[in-house]
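Q: My structure is below; once you've seen it, I'll send some questions.
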Amino acid sequence: MINGADPVGKSHAWSQPGVIYASSTGGPMRWSEIRARQPALGVAADRLLIEPGVLLAGTTRRDGTARISGVEPLVLDGDLWLSMMSGSAKARDLVRDPRVALNSVITSPSPPAEIKVRGTVRAVTERGQQERYAAAVQEQIGWQPVAGQFTLFIVEVADVTYIGSEAGTGAQHVARWPSGDEYIRPQLTPTSLGPPQAVSRLLAPDLRPRP
């Protein structure tokens with residue numbers, strides 16, 4: 001979180017466990033839809049969330065508290081896939097409650113930008129799909145998971161938030177999609193920001209219908 005930004009607005013409250021909350025596009029999205037409909041945001045999301053090879057996944061424990069875990073992402077056939085050790089705490093969380101929050105890894109107190117994704121997961125248990133995923137992992141990452149010996153999910157995306165820090169000024173740049181919000185908040189002090197000022201830098205008008 002950069003400069004205390006909160007990407008969760010009242011219009012994006014969590015749904016009840018097990019229920020996919022709808023985005024303004026009318027439902028969950030595949031990962032490929034982000035770049036197809038918002039190319040600049042899609043490039044940023046791939047660079048910050050996927051390319052490092054690990055992301056942070058927030059899940060919900062049985063008692064309702066949060067759990068944060070590192071997970072290796074893979075984009076395959078237009079979807080974002082997450083695999084986990086079978087029986088791991090985070091996998092059990094998602095089987096019980098499919099809501100997930102993903103965040104790019106932050107490695108400094110003042111990162112230039114970060115990506116936040118919220119959505120739900122769908123379990124992939126079919127042997128052929130697990131084998132296809134395992135083959136893709138071997139080709140792209142270089143290790144060979146064994147089908148049937150890991151828990152596999154596809155992420156169904158509800159919304160994506162980009163939060164950047166402007167070089168030199170410390171202003172905060174926020175872009176949220178599919179809500180279409182984009183603005184700059186000037187830095188007033190090292191710990192405070194001014195009111196949002198609408199800009200159009202990262203998001204393009206999204207006029208195409210959902211496929």
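In the structure tokens, each chain is lettered A, B, ... as it comes, each chain's residues begin at 1, and ligands are numbered from 1 in order of appearance.
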Excluding Thr169 (chain A) and residues on its chain fewer than 5 positions from it, collect all residues at most 10 Å away from it, counting only C-alpha atoms, and give them as a PDB file with N, CA and C atoms, in the first residue's frame.

A:
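That gives us selection_0.pdb:
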```pdb
ATOM      1  N   PRO A 186      -2.059  14.799  -5.032  1.00  0.00           N
ATOM      2  CA  PRO A 186      -0.757  15.425  -4.766  1.00  0.00           C
ATOM      3  C   PRO A 186      -0.298  15.179  -3.332  1.00  0.00           C
ATOM      4  N   GLN A 187       1.004  15.052  -3.167  1.00  0.00           N
ATOM      5  CA  GLN A 187       1.554  14.866  -1.830  1.00  0.00           C
ATOM      6  C   GLN A 187       1.638  16.218  -1.120  1.00  0.00           C
ATOM      7  N   LEU A 188       1.029  16.324   0.051  1.00  0.00           N
ATOM      8  CA  LEU A 188       1.069  17.550   0.839  1.00  0.00           C
ATOM      9  C   LEU A 188       2.217  17.507   1.848  1.00  0.00           C
TER      10      LEU A 188
END
```

Q: Pick out the closest residue to Leu48 (chain A) from this set: A:Ala113, A:Ile163, A:Ala134, A:Val121. Count only C-alpha atoms.

A: A:Ala113

Q: Which is closer to Lys90 (chain A) than all the others in A:Ala44, A:Leu152, A:Leu49, A:Val75, using only C-alpha atoms?

A: A:Leu152

Q: Pick the closest to Leu82 (chain A) from A:Arg35, A:Arg122, A:Arg127, A:Arg61: which is it, counting only C-alpha atoms?

A: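 Going through A:Arg35, A:Arg122, A:Arg127, A:Arg61 one by one, the smallest distance to Leu82 (chain A) is for A:Arg122.
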
Q: Pick the closest to Val174 (chain A) from A:Pro190, A:Pro112, A:Pro28, A:Gly119: which is it, counting only C-alpha atoms?

A: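 For Val174 (chain A), the nearest of the candidates is A:Pro112.
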
Q: Can you pull out every residue from chain A that DSSP, working from the backbone, puts in helix (DSSP H, G or I), and format the result as an MDAnalysis selection string?

A: chainID A and resid 10:12 31:37 39:50 89:96 127:140

Q: Could you check the closest approach to Asp46 (chain A) for each of A:Pro73, A:Gly148, A:Gly180, A:Gly27 and tell me which residue wins, using only C-alpha atoms?

A: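 Once distances to Asp46 (chain A) are computed over only C-alpha atoms, the minimum belongs to A:Pro73.
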
Q: Please report the interatomic distance between CA of Glu114 (chain A) and CA of Gly58 (chain A) in Å with one decimal.

A: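 So the two atoms, CA of Glu114 (chain A) and CA of Gly58 (chain A), lie 15.2 Å apart.
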
Q: What are the DSSP strand (DSSP E or B) residues of region 115-155 of chain A, as number ranges by chain?

A: A: 115-123, 150-155

Q: Could you write out the selected residues, including N, CA and C atoms, as a CSV table (one decimal), in the first residue's frame?

A:
```
chain,number,residue,atom,x,y,z
A,115,ILE,N,0.3,-3.5,-7.8
A,115,ILE,CA,-0.9,-3.9,-8.4
A,115,ILE,C,-1.7,-4.7,-7.3
A,116,LYS,N,-3.0,-4.5,-7.2
A,116,LYS,CA,-3.9,-5.2,-6.3
A,116,LYS,C,-5.0,-5.8,-7.2
A,117,VAL,N,-5.3,-7.1,-6.9
A,117,VAL,CA,-6.4,-7.8,-7.7
A,117,VAL,C,-7.3,-8.4,-6.6
A,118,ARG,N,-8.6,-8.3,-6.8
A,118,ARG,CA,-9.5,-9.0,-6.0
A,118,ARG,C,-10.4,-9.9,-6.9
A,119,GLY,N,-10.8,-11.0,-6.3
A,119,GLY,CA,-11.7,-11.9,-7.1
A,119,GLY,C,-12.0,-13.2,-6.3
A,120,THR,N,-12.3,-14.2,-7.0
A,120,THR,CA,-12.5,-15.5,-6.4
A,120,THR,C,-11.7,-16.5,-7.2
A,121,VAL,N,-11.6,-17.7,-6.6
A,121,VAL,CA,-10.9,-18.8,-7.3
A,121,VAL,C,-11.9,-19.9,-7.7
A,122,ARG,N,-11.5,-20.7,-8.7
A,122,ARG,CA,-12.3,-21.9,-9.1
A,122,ARG,C,-11.3,-23.0,-9.1
A,123,ALA,N,-11.6,-24.1,-8.4
A,123,ALA,CA,-10.7,-25.2,-8.3
A,123,ALA,C,-10.7,-26.0,-9.6
A,150,PHE,N,-1.0,-31.6,-6.3
A,150,PHE,CA,-1.0,-30.2,-5.9
A,150,PHE,C,-2.5,-29.8,-6.0
A,151,THR,N,-2.8,-28.7,-5.4
A,151,THR,CA,-4.1,-28.1,-5.5
A,151,THR,C,-4.0,-26.9,-6.5
A,152,LEU,N,-4.9,-26.9,-7.4
A,152,LEU,CA,-4.9,-25.9,-8.5
A,152,LEU,C,-6.1,-25.1,-8.6
A,153,PHE,N,-5.9,-23.8,-8.8
A,153,PHE,CA,-7.1,-22.8,-8.9
A,153,PHE,C,-6.9,-21.9,-10.1
A,154,ILE,N,-8.0,-21.5,-10.7
A,154,ILE,CA,-8.0,-20.4,-11.7
A,154,ILE,C,-8.6,-19.2,-11.0
A,155,VAL,N,-8.0,-18.0,-11.2
A,155,VAL,CA,-8.5,-16.8,-10.6
A,155,VAL,C,-9.6,-16.2,-11.5
```

Q: Select, from A:Ser86, A:Ser200, A:Ser165, A:Gln129, the residue with the minimum atom-to-atom distance to Glu182 (chain A), counting only C-alpha atoms.

A: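 The answer is A:Ser200, which sits nearest to Glu182 (chain A).
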